[in-house]
Each structure stands twice: as C-alpha cells, then as structure tokens.
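Peer 1: Quick one: this structure, given as structure tokens, is what I'll be asking you about.
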Amino acid sequence: MNYKTMGRILSQILILEAIFMIPSLCFALYDGTFVTAVAFGVTIAGTLLAAGVLYLLCRKAENALRAGEGMICVSLSWVFMSLIGALPFVISGEIPHFIDAFFEMVSGFTTTGASVVADVEVLSRAVLYWRSFSHWLGGMGVLVFLLAIAPSAEKNGGFTMHLLRAESPGPNVSKLVPRMKQTAVILYLLYIVLTVVDFLFLIAGRMPVFEAICTAFGTAGTGGFGIKADSLASHTPYIQNVTTVFMLLFGVNFSCYHLLLLKQFKSVFKNEELRLYVGIVAGSIALIVWNLRGVYGTIGETLRHAAFQVASIITTTGFATTDFNLWPEFSKAILLCLMVIGACAGSTGGGMKCARVLLLVKTLRRNIRLTLRPQRVEVIRSDGQAVDERVITSTGMYLAAYVMIVFLSFLLLSLDKFSFTTNFSAVFACFNNIGPGLDAVGPIANYGGYSVLSKLVLITDMLAGRLEIFPILALLSRSTWKHA
Amino acid sequence: MKILIAGHGKVGATLARQLSAEGSDITLIDSDPEVLEEGLQQYDVMTVSGNCAVKDTLLQAGVETADLLIAVTGTDEVNLLTCVTAHSLNPKLHTIARVRNPEYSDQIYEMRDVFALSMMVNPEKQAAAEIERLLKYPGFLKLDTFAKGRVEIAELRIEEGSKLCDVPLCRVSEIVRCKILICAVLRGGEVITPAGDFVLSEGDRIFVTAPMNNLSALMKNLGILKRRVRNVLISGGGRTSFYLADQLEKNGIDVKIIEKDRARCVLLAALLPTANIVAGDASSQPMLESEGLTTFDAVVSLTGMDEVNMVISLFAHSHGVPQIITKIGRVEDSRMLDSLPLGSIISPKDLCCSSIVRYVRAMRNQTGAAKAVHFIADGKAEAIEFRVDKETLHAGEPLRNFKLRKNVLIAAITHGKTTVIPDGNSAFMPGDTVIVVSNGSNRIYQLNDIFA
C-alpha cells in the first residue's frame, strides 16, 4: 500500500472540505447563531490543522497509485469527509447524536437525501446550507474537483484514472479529453453552468434566494435535501415543473453535454443509454397517469405530479410534491422499479444506472440464444462498439453484489420494529441514493426511528451505492490490508 | 499540441510518456484494448481502440482537430495508409510514419508528398548509421553530432589506469593537451553536470564536447587511440545488419555476417555482393571461433534477441576483440548493463523516439526552438542545439557575467565555421549555434529557458 500518496490525497480533500465550510460559517455569523458559528469555526480550524500536518508528513510522496489503492483512497476520503462534515451538526447541538449527524452527512455527500431530522425547519441556515452543499459536492465527486484544481495533475501519470473510475458512476468510465485535469475541469464547468441556470429559473419563479440556492444544489447533485418539511409540495406548479426538467437533465450522462458542445448531435441522438432513459421516463409517466386517473382534479395536475415523482425517483433525487405513499399499488411498484434502475452512467444520479440495465438485458438475450444454439458466437455491442467481455462480467458481478447487499441489509434492518415494506424500501432508498422510501420512511417521514445498528447498515449502503459497491467492498476486504 | 499515436508498442509507449510529460495532449490508438488499458494507467492520455487506418477510428480519436499523427504500428503498409487517410480528413495535419522495409524506404522518401508524410522514420537505418559512425571513430562508446557535424558529444568510460582517473576536471585540459569540456558524468545511474572541482573516478562514463579534430587529439593523448577498423563481424542478418553492411561495403570495410536462417542468407548474399555471408548460429561459441572471431577489429551483435546479443558481445570481449557494439531493444534500466563490458549500446527504438521528439519540439515552437535534441547518458540527460536570435537574452556578454539554471551548462558555441568550447570569457552572438546540456530536471523548450 502506498500510504503516503493516499495520505496526501486525503489531506488535500480535507483541506478542500474545510474551505467549503466557510460559506456556512458566514451564514451563521450573519444570522447571529453564535453556537453554530463556533461549531463551524472549530471544525474548520481543527480540520485545517490536522490535514495540514498530514500534508506535511506526506508531501514528498511519489505520484503513483495502483488500481486497488485508488479505490481505497476514494472510499477512505468519502468516509473521513463525512465524519468531519458531521462535526458541526454535533458541536452546534442541532443534531445532538453523532451517529445521527454522521447519517445525515453521509446522506448528504452520497446525494441520498435521507434525513433523520424530524423537522428541518428548525435547523439554522448555516446547517441547511451545508447539508445542501454536500449534495452538490458529492454529486460530481470531490476527488474529481481535486483533479480539476490540483496543479500537480499536469505532471501525474495515468494513475488519476483510478481515482476517476472509483468515483464516477458507470460500468465503463472514460475521459472526455486526453488530459485528466481538463476532463475534470470540463465536467465541473458543465455542472456549474447547469446549476446556475437551474438557480436562475427558480429565482424567476419567485423562490426566495436562499431556498433557490439549496434547491438548486439538491437538484444538481440529485440529492433531495430540502429546507421545508413538505419538500416542494407547497411551491407553485412552475417551480415544480422547472425542478422536474432539471432533475432529468442532471440524470443524463455529462459526456452527452460535452458532445453537444462539440456539435456532435448525431452521436447524442443515437446514444442507446439516453434513448433507454428517455423511454423509461416517458413510459413510467404514461403508466402512472393512467393508474392515477381520478385521484387528482385535472389531467394536468396528475401529469405534473406523475412526472415530478418519476423524475425524482429515477434520477434518485428524492424531492416530492405529493405523498406518493398514498398512491395505488401499481404506481408505487413502478416507482420501486425506477429506484433500482436509476439514472444514466456518468451523471450525478445513483441506482444501478441505465447503462448497466441495458448491458444486462443484452447479455441475458445473448445467453438465451446461446442456450438454444450453443455453437453460436456473438459479441455484445453498445453504440455500435463491441463491449469488452470483462465489462460484461463485471456488470454481472455488480448485479450479484447488489442483490446480496440488499438482502443482507434487509435482514439486519428487520431486527427493528418496522414493517416489511418500510425496511425493504429503506434499503432500496438508501442503497440507490434516493432518500424517501415507502410507509414509515415515506416522503413525509424520516429515518430517525431506526436503531444505531440499522443506521450504520444504511450508512454503509449509501456509501456503497454512491461509489458503486466495489470501492467499499475493497475497503472492507481482508486481502486489501494483507501484505504481499 | 494534440498528437495522435497509432500503435502502442515499445516506441508508441516511449513517445506517449515523453510527449505527454512535455505537455502535449496524447490520444493512443491501437486495436488491442488490453494494451491500451496499460497505457491509460501509466500515462495521462486518452485511448481509442480500433484499426487506426479506418476513418471512423481516426474521427473518434479527434483527427480533425489534431496537429500531428505518429503512425508506429508493426506494419509499414498500415502506417502509410493511416497517414494518407488521416491527411484526407485533416489537410493541416502533420504526419510521421515508421517505415522499416528496406525495399520501400528509398521510394517512399521520394513519394513522401503522395503519402502526405511530413517525416519518415526508419529505426534500423538510423541505428546502422549510428553504428557506422562509431566504427569510424573507435574508442568512443557513443557519438552525437551537432551543428552540421562541427561539434561532437562523445561518450567515454574511465577505465582502470586511465590518465583521467582521480583527476579534478579543471586539470583535464593539461593532461589531454587540448581544449575539451566534460559536460556530463554518469556515475551509479545518476547524471551529474560537473563543476571544475569534480574528481573523476574509475567506472564513470563521461560525455565530452569538442570540435571534431580535438577528439582525435584527445584519443591520442589519452593513449587509447585504436587503429582504423578494417573488418567487422556482424552477428544476425536483420534489417539493421543489411543497412550497416551495405554502408560499410561502400567504405571498403570487409564484412562478415553470421545468420541462422538460410533463406535470409541467400537474400543477403544477393543484395550484398562483396560481403561474406555465413549460415550458422552466431550464439554458438565454436562457430564464432571457427569463423575467426579474434581476427576481427570489431564485432557488432544485431540479432533479434537482447540476451543473445549480450552473450555474443561478452564472448567477443573475452577474446580481446578491440571494438564491440551491442544492440539492445529494451534499455529501461541501464544500471545493470553498465557493469558488463558490452562496448557501445545501440537501441534503435531510442534513436527513433528521439528523432520524433525533436520534430515535435521544433513544431511546438518555430522560433528559438531546439534545432536538434539528443538524449545522452541513457536518456537521463539531453543535449539540445539552439540558434541564438535577436530575442535571446545575454547575447554578447561573457558567460561569467550571468548565471545559468541548476544542472544546465553550455557545452559548445559555434560561430560561423569555428567551434568554441566555452569558458568564462566566451560569449555568443545572434546567428551562433549553442549546444546546451541539461539533466532534464527542468524542461528546456527555448534558449531563454536556460538562464537562471
């Protein structure tokens, strides 16, 4: 293990985090909430000091990481980032128990949006801002941000590829341009521009500025933390529709936007994953509208609610305009399916990703044909390119790991007093980074009632879901820590 | 600058590392995804898998916005087709192709406009030319020519009992009784750009700059001047051997080639009328002895296997052959090779890469840029030739008046027809050619980069 290089990257990540806490400190000072200001101030100072010492110790590390070390480095960064991000909540007393604060923070960085707070409206603006900002940072990934700004990235060899692969979602992560630094810069520029446009649209709908900032962060990272208990239910249809559109936009692979900028419209239009994503969204909306006939007053209102919920669930955002827990069973079942499918690879969304679903379906069909005619030789193609067999195997393994983790988590959660539906949807909602589940963890409820063990399980699920399972499994695996 | 490299073999990989580190954006194209994955993990590059001579693959790699294409796949025909195809997609593109087949090399040079080639590289031919020069000036391990042949950087090893052993650099000129400059010393795998109080010791490999005629004086005064090479034994009958034998024949040097493959021998015999071609295994020691190993002035090991070449050279050394040249394909870590008496080591791959890197540097900056770059000391240091122009700082000032950056020195100044080995009183003027040696810790793109 190359501990020094990992230590240097970790220290840089923590320094970044401390810098990102400064706006919260300003909010606390401006609002005169003294305790919160102290909490943020102490955390920033402590983190800078600790990370500074770590950096000094590791600054002479060589620029090289192997694939496994890259994974471990990313998962460790995310765990430490969440641990430190939780400190202001505890110190300020706004979320008194550390495990709750940790849950809240992991939920923020992994863009889950599952909350343990019963009434978010009593939290101070500093804390609300920090919660929402964690979505934004976690959405595109903090290591990608580091790659974008770190000056040393120019001289680094290819090892940064391991960091990008471990942090960016999708079965087959690749660069947009030859330079890693430039790739990261392009991703973040697209992300920032889209977020600002979303913010401006919300402002145009007369949303208060602070709420517009938080909502834009929540939408961009496909997170789902709001600053109101009823999420977006009390807002105008305009704001709800704007959010629907932007949630769907942030669920699209960012390389598509890069191709649009390069004027390669044809390859975007022909992108199989994008077509599948649009198809699933349109189909689900149509089915839910049909299933919901008679529940809401007008067809327009039904369409608005259906579209919002579908967008919110498939992009794994987790905002809500209505309590879909009260919808008919078929509609709830559709939403549960969307939870698993998730957004596109290379987006800020979670879930299994449309690209994987597409690959799995293609592999399944091939295997059926192969059973009928064992002599047949067939190559799986995606966007006209042959897919490497190793990608197919690892996608299959991903599904296997996914199912096992779901069932294991479900078993552990069942020790608590909640219903079958609650537990099952809680695992789904956390593992796929959505947030609200069904029943006792539905859109208007929260995760506060779970025991410490269940919360720890859900925290692991959220991290595993965001980092796509293998980095977290690698962190927990014994062979990672063995010498030789 | 955006560069596409087609073919990620040994040369492709070396170029990717070197050019990416110098700030170019590299896209690698290869048909084998596994090889590409290796490249992706080692260098900060992008990869595209597919046949590089196909339009779609080239478009996917972004040929339309690229500045340069380097085609170094294993097949000459594919390299040429790739350049033609790429050029039709982007007429402004510069293209470099590797063409190794001796049957093509002359005609393609004439047809370079038809194939849209900006440059053609032939590693084996370059290696043969390099070997020929070494044979012309025996005693040196390596020779690099600058300023149109007026300045040479020669590599020497300080042997036991040499007159230069345990001598500080400031006294070297007295001993050799002519003006030379030791611009770099390779000791224990590290390159040192030495100062006047540096003391040479046994086993050091030194890099000496001098005008051409001073080098012969140097050899004479050091007592290591060897007589002219009159006959050469070449083991292995590959392409390099052919180019070399052809050239040596023209210079009236007797050549004997030992090659295993009988069909190849017949072909060589047809192409090289005066050479002595022997069918047999050059790695067999009785074979070498029966072919009269000890009667040769030089042995050149050019088989396709590094280890066989090493064994042949060691055997030749043990029989007291005066000059030995060994071809090594992989010179990744040369510390191991340094300890063996292999004579001069030639790596066609490195020669080919350094000529391409030179082209890229010249492309990157048209004015003030390097005219020639040579990697010396196993690639750990570089000697760069610059032309002084009006933009150059400190022109006309004596060297002692300003400071150079650390690990950089000026090895020679060529003014018109005279070459000066500089001291504190020397100065350069616009129009002069300056040769700078650096250990590569700071990249030097322009002459002005050398000043502190």
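In the structure tokens, chains take letters A, B, ... by order of appearance, with residues numbered from 1 within each chain and ligands from 1 in the order shown.
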Run DSSP on the backbone of this structure and report the residues of stretch 88-333 of chain A it assigns to helix (DSSP H, G or I), as a PyMOL selection string.
Peer 2: chain A and resi 88-92+98-109+120-122+125-140+142-149+151-154+160-167+180-204+209-220+237-250+254-261+265-269+272-291+299-314+324-326+329-333
Peer 1: Show me which bits of chain A are within 12 Å of chain B, counting only C-alpha atoms, as a ChimeraX atom specification.
Peer 2: /A:63-67,70,152-165,172-183,259,262,264,267,384-391
Peer 1: Can you tell me, as a count of residues only, what residues are no more than 7 Å from A:Ala426 when counting only C-alpha atoms, ignoring any on the same chain fewer than 4 positions away?
Peer 2: 4
Peer 1: List the neighbours of A:Ala18 out to 8 Å using only C-alpha atoms; skip same-chain residues closer than 6 positions along the sequence, and give me the result as an NGL selection string.
Peer 2: :A and (43-45 or 47-48)
Peer 1: Please provide the set of residues having any atom within 12 Å of B:Ser318, restricted to only C-alpha atoms, with same-chain residues fewer than 2 positions apart removed, written as a PyMOL selection string.
Peer 2: chain B and resi 285+289+293-294+311-316+320-324+340-343
Peer 1: Show which residues sit within 8 Å of A:Thr111, as a compact mmCIF listing (two decimals) with all heavy atoms, in the first residue's frame. Count only C-alpha atoms, and ignore same-chain residues fewer than 2 positions away.
Peer 2:
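Result file follows (out_3.txt):
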# COMPACT_ATOMS: atom_id res chain seq x y z
N SER A 107 -25.61 10.84 4.03
CA SER A 107 -26.77 11.01 3.17
C SER A 107 -26.60 12.22 2.27
O SER A 107 -27.01 12.22 1.12
CB SER A 107 -28.01 11.14 4.05
OG SER A 107 -29.08 11.58 3.31
N GLY A 108 -25.93 13.27 2.81
CA GLY A 108 -25.68 14.47 2.01
C GLY A 108 -24.65 14.22 0.92
O GLY A 108 -24.93 14.43 -0.26
N PHE A 109 -23.47 13.72 1.30
CA PHE A 109 -22.40 13.54 0.30
C PHE A 109 -22.76 12.49 -0.75
O PHE A 109 -22.38 12.60 -1.90
CB PHE A 109 -21.08 13.17 0.98
CG PHE A 109 -20.35 14.36 1.51
CD1 PHE A 109 -19.97 14.44 2.83
CD2 PHE A 109 -20.03 15.41 0.66
CE1 PHE A 109 -19.30 15.55 3.32
CE2 PHE A 109 -19.36 16.52 1.14
CZ PHE A 109 -19.00 16.58 2.47
N GLY A 113 -30.18 12.02 0.45
CA GLY A 113 -31.24 12.92 0.88
C GLY A 113 -32.15 12.29 1.92
O GLY A 113 -33.22 12.82 2.21
N SER A 134 -23.42 19.77 0.48
CA SER A 134 -22.79 18.45 0.44
C SER A 134 -23.35 17.64 -0.73
O SER A 134 -22.65 16.85 -1.33
CB SER A 134 -23.00 17.71 1.77
OG SER A 134 -24.35 17.41 1.95
N HIS A 135 -24.64 17.85 -1.06
CA HIS A 135 -25.21 17.20 -2.24
C HIS A 135 -24.46 17.61 -3.49
O HIS A 135 -24.12 16.80 -4.34
CB HIS A 135 -26.67 17.64 -2.44
CG HIS A 135 -27.63 16.88 -1.61
ND1 HIS A 135 -27.41 15.62 -1.17
CD2 HIS A 135 -28.87 17.21 -1.15
CE1 HIS A 135 -28.46 15.20 -0.46
NE2 HIS A 135 -29.34 16.17 -0.43
N TRP A 136 -24.27 18.92 -3.59
CA TRP A 136 -23.66 19.44 -4.83
C TRP A 136 -22.25 18.90 -5.01
O TRP A 136 -21.87 18.47 -6.08
CB TRP A 136 -23.64 20.98 -4.78
CG TRP A 136 -23.29 21.56 -6.09
CD1 TRP A 136 -24.13 21.73 -7.15
CD2 TRP A 136 -22.01 22.02 -6.52
NE1 TRP A 136 -23.44 22.26 -8.21
CE2 TRP A 136 -22.15 22.45 -7.86
CE3 TRP A 136 -20.76 22.11 -5.92
CZ2 TRP A 136 -21.09 22.97 -8.59
CZ3 TRP A 136 -19.70 22.61 -6.64
CH2 TRP A 136 -19.87 23.05 -7.96
N GLY A 138 -20.96 16.19 -3.52
CA GLY A 138 -20.96 14.74 -3.66
C GLY A 138 -21.47 14.29 -5.01
O GLY A 138 -21.11 13.23 -5.50
N GLY A 139 -22.30 15.12 -5.64
CA GLY A 139 -22.89 14.74 -6.92
C GLY A 139 -21.84 14.44 -7.96
O GLY A 139 -21.79 13.35 -8.52
N GLY A 218 -29.60 20.73 -4.35
CA GLY A 218 -30.25 19.43 -4.18
C GLY A 218 -30.59 18.81 -5.53
O GLY A 218 -30.44 17.60 -5.72
N GLY A 221 -27.09 17.85 -7.58
CA GLY A 221 -26.44 16.63 -7.10
C GLY A 221 -27.39 15.45 -7.10
O GLY A 221 -27.02 14.37 -6.69
N THR A 222 -28.62 15.66 -7.55
CA THR A 222 -29.71 14.68 -7.42
C THR A 222 -29.75 14.14 -6.00
O THR A 222 -29.82 12.94 -5.77
CB THR A 222 -29.60 13.50 -8.43
OG1 THR A 222 -28.46 12.73 -8.11
CG2 THR A 222 -29.53 13.97 -9.84
N GLY A 223 -29.73 15.08 -5.05
CA GLY A 223 -29.70 14.71 -3.63
C GLY A 223 -31.08 14.62 -3.03
O GLY A 223 -31.62 13.54 -2.84
N GLY A 224 -31.68 15.76 -2.77
CA GLY A 224 -33.04 15.73 -2.27
C GLY A 224 -33.29 16.37 -0.92
O GLY A 224 -34.42 16.41 -0.47
N THR A 317 -33.19 11.57 -6.93
CA THR A 317 -33.12 12.83 -6.19
C THR A 317 -33.85 12.68 -4.85
O THR A 317 -33.26 12.82 -3.79
CB THR A 317 -33.72 13.97 -7.01
OG1 THR A 317 -33.14 13.97 -8.28
CG2 THR A 317 -33.50 15.30 -6.33
N GLY A 349 -26.65 11.08 -10.75
CA GLY A 349 -27.65 10.22 -10.12
C GLY A 349 -27.07 8.91 -9.63
O GLY A 349 -25.93 8.56 -9.89
N ASN A 433 -29.39 5.67 -3.25
CA ASN A 433 -29.17 7.11 -3.02
C ASN A 433 -30.39 7.97 -3.37
O ASN A 433 -30.27 9.04 -3.94
CB ASN A 433 -27.97 7.63 -3.80
CG ASN A 433 -26.70 6.91 -3.44
OD1 ASN A 433 -25.88 6.62 -4.27
ND2 ASN A 433 -26.55 6.61 -2.16
N ILE A 434 -31.59 7.47 -3.03
CA ILE A 434 -32.80 8.23 -3.36
C ILE A 434 -33.22 9.11 -2.19
O ILE A 434 -33.31 10.32 -2.31
CB ILE A 434 -33.93 7.27 -3.75
CG1 ILE A 434 -33.54 6.56 -5.03
CG2 ILE A 434 -35.24 8.03 -3.94
CD1 ILE A 434 -34.14 5.22 -5.18
N ARG A 466 -23.25 5.00 -3.69
CA ARG A 466 -22.67 6.13 -4.39
C ARG A 466 -21.37 5.74 -5.10
O ARG A 466 -21.13 6.15 -6.24
CB ARG A 466 -22.39 7.27 -3.40
CG ARG A 466 -21.58 8.43 -3.97
CD ARG A 466 -22.30 9.08 -5.14
NE ARG A 466 -21.54 10.18 -5.71
CZ ARG A 466 -20.55 10.04 -6.59
NH1 ARG A 466 -20.20 8.84 -7.00
NH2 ARG A 466 -19.93 11.09 -7.06
Peer 1: Using only C-alpha atoms, which of A:Ala126, A:Leu56, A:Leu359, A:Leu189 sits nearest A:Ala148?
Peer 2: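 Result for the nearest residue to A:Ala148: A:Leu189.
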Peer 1: Any idea what's packed within 6 Å of stretch 4-15 of chain B, counting only C-alpha atoms, ignoring anything in its chain fewer than 6 positions away? Could you give it as a PDB file with N, CA and C atoms, in the first residue's frame?
Peer 2:
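That gives us out_22.pdb:
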ATOM      1  N   ILE B  26      -2.182  13.652 -25.670  1.00  0.00           N
ATOM      2  CA  ILE B  26      -1.946  12.439 -26.451  1.00  0.00           C
ATOM      3  C   ILE B  26      -3.201  11.573 -26.513  1.00  0.00           C
ATOM      4  N   THR B  27      -3.522  11.091 -27.701  1.00  0.00           N
ATOM      5  CA  THR B  27      -4.539  10.059 -27.843  1.00  0.00           C
ATOM      6  C   THR B  27      -3.880   8.842 -28.470  1.00  0.00           C
ATOM      7  N   LEU B  28      -3.994   7.700 -27.811  1.00  0.00           N
ATOM      8  CA  LEU B  28      -3.395   6.470 -28.313  1.00  0.00           C
ATOM      9  C   LEU B  28      -4.446   5.678 -29.080  1.00  0.00           C
ATOM     10  N   ILE B  29      -4.052   5.137 -30.238  1.00  0.00           N
ATOM     11  CA  ILE B  29      -4.959   4.274 -30.997  1.00  0.00           C
ATOM     12  C   ILE B  29      -4.294   2.913 -31.134  1.00  0.00           C
ATOM     13  N   ASP B  30      -5.022   1.862 -30.821  1.00  0.00           N
ATOM     14  CA  ASP B  30      -4.487   0.517 -31.010  1.00  0.00           C
ATOM     15  C   ASP B  30      -5.676  -0.417 -31.147  1.00  0.00           C
ATOM     16  N   LEU B  69       0.082  13.337 -36.349  1.00  0.00           N
ATOM     17  CA  LEU B  69      -0.202  11.908 -36.237  1.00  0.00           C
ATOM     18  C   LEU B  69       1.117  11.161 -36.350  1.00  0.00           C
ATOM     19  N   ILE B  70       1.365  10.253 -35.412  1.00  0.00           N
ATOM     20  CA  ILE B  70       2.575   9.433 -35.467  1.00  0.00           C
ATOM     21  C   ILE B  70       2.131   7.988 -35.650  1.00  0.00           C
ATOM     22  N   ALA B  71       2.428   7.407 -36.815  1.00  0.00           N
ATOM     23  CA  ALA B  71       1.985   6.046 -37.092  1.00  0.00           C
ATOM     24  C   ALA B  71       3.142   5.089 -36.852  1.00  0.00           C
ATOM     25  N   VAL B  72       3.095   4.338 -35.770  1.00  0.00           N
ATOM     26  CA  VAL B  72       4.172   3.415 -35.416  1.00  0.00           C
ATOM     27  C   VAL B  72       3.620   2.027 -35.112  1.00  0.00           C
ATOM     28  N   THR B  73       2.671   1.557 -35.916  1.00  0.00           N
ATOM     29  CA  THR B  73       2.204   0.186 -35.749  1.00  0.00           C
ATOM     30  C   THR B  73       3.269  -0.750 -36.303  1.00  0.00           C
ATOM     31  N   LYS B 349      15.124   1.728 -31.007  1.00  0.00           N
ATOM     32  CA  LYS B 349      13.892   2.328 -30.502  1.00  0.00           C
ATOM     33  C   LYS B 349      14.160   3.739 -29.968  1.00  0.00           C
TER      34      LYS B 349
END
Peer 1: Figure out the distance between atom CA of A:Cys73 and atom CA of A:Pro169, please, to one decimal in Å.
Peer 2: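 We find that atom CA of A:Pro169 and atom CA of A:Cys73 lie 16.2 Å from each other.
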Peer 1: What separation in Å, quoted to one decimal, exists between atom CA of B:Leu80 and atom CA of B:Tyr359?
Peer 2: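 Pair atom CA of B:Leu80 / atom CA of B:Tyr359 returns 18.3 Å.
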Peer 1: Please compute the atom CA of A:Phe102-atom CA of A:Val90 distance, one decimal, in Å.
Peer 2: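 So the two atoms, atom CA of A:Phe102 and atom CA of A:Val90, lie 9.1 Å apart.
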Peer 1: Nearest to B:Phe115: which of B:Leu81, B:Val408, B:Ile384, B:Leu93 is it, counting only C-alpha atoms?
Peer 2: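 Of B:Leu81, B:Val408, B:Ile384, B:Leu93, the one nearest B:Phe115 is B:Leu81, counting only C-alpha atoms.
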